[in-house]
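First the structure, in the form of structure tokens, and then the observations on it.
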Amino acid sequence: MPFGTPSQRVAQVADIVAAVRRQFADAGRPAPRILLAGARRQLLELAVAEADTLALPFLLEVGEERLAASIRELRAIAGTRFDGLELALSVLVVGDGEVPEAMRMLVRDVPRDAVSRLSGTPKEIADTLRRRRDQYGISYVTVAQPYIEQFAPVIELLDE
């Protein structure tokens, strides 16, 4: 497919979502959950209309203040649909130690207060995730593969 303009790319995503839903409906099967991510308004509007889960796209240096502003903006775009959306956030760094070699090029200088970094003890990290769930509605978190073992104790605390 040609790369196209931003509007053309958003239209392509909309067409793909519709085609997937149609294919499942034609087969008499329930449609899969749809996860979309986007930073620009046109793609956010599509995600709000069509997605079950919206992955919040943040640069590495975005802190809590910008997260709160983005959630307010998203809430305004989504209106009554906001409460039906699952919000996802990617975590690229877990803990306060050295960044693993596999991640250094990607996350060279992630500030300690960036939302894509979870710092502190497992209990402090779990508390941060609970607070973000309660305050912003973020209930879906992805963690970079090199941190899976380090994140495991947090999962155990979240299950309590």
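By order in the structure tokens, chains are A, B, ...; within a chain, residues start at 1; ligands start at 1, following the order shown.
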
- [ ] Could you pull out the residues in range 16-56 of chain A that DSSP calls helix (DSSP H, G or I) from the backbone, as a PyMOL selection string?
- [x] chain A and resi 16-26+41-50

Task: Selection near Arg72 in chain A, 10 Å with only C-alpha atoms, sequence-local residues under 6 positions removed, as number ranges by chain - done: A: 66, 78, 136

Counting only C-alpha atoms, give me one row per residue of range 23-45 of chain A with an atom at most 12 Å from an atom of range 84-91 of chain A, showing the shortest contact pair and its distance in Å to one decimal, sorted by chain then residue number, as CSV.
residue,atom,partner,partner_atom,distance
A:Arg33,CA,A:Glu86,CA,10.5
A:Ile34,CA,A:Glu86,CA,10.4
A:Leu35,CA,A:Ala88,CA,8.9
A:Leu36,CA,A:Ala88,CA,9.7
A:Ala37,CA,A:Ala88,CA,9.0
A:Gly38,CA,A:Ala88,CA,11.7
A:Leu44,CA,A:Leu85,CA,11.9

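Using only C-alpha atoms, the nearest neighbour of Gly97 in chain A within the list A:Ser116, A:Gln150, A:Thr80, A:Thr128 is A:Gln150.
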
Open item on the list: With only C-alpha atoms as the counted atoms, please give the residues lying no more than 8 Å from Val110 in chain A, apart from itself and same-chain residues fewer than 5 positions off, as a ChimeraX atom specification.
Closed with: /A:60-61,93,116-117

How about saving the chosen residues, C-alpha atoms kept, as a PDB file, in the first residue's frame?
ATOM      1  CA  LEU A  60       9.722   9.135  26.533  1.00  0.00           C
ATOM      2  CA  GLU A  61       9.860  12.451  28.364  1.00  0.00           C
ATOM      3  CA  VAL A  93      11.700   1.189  31.881  1.00  0.00           C
ATOM      4  CA  SER A 116       6.857   5.381  30.476  1.00  0.00           C
ATOM      5  CA  ARG A 117       9.147   4.662  33.456  1.00  0.00           C
TER       6      ARG A 117
END

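Taking CA of Thr121 in chain A and CA of Leu56 in chain A as the two end points, the separation is 24.4 Å.
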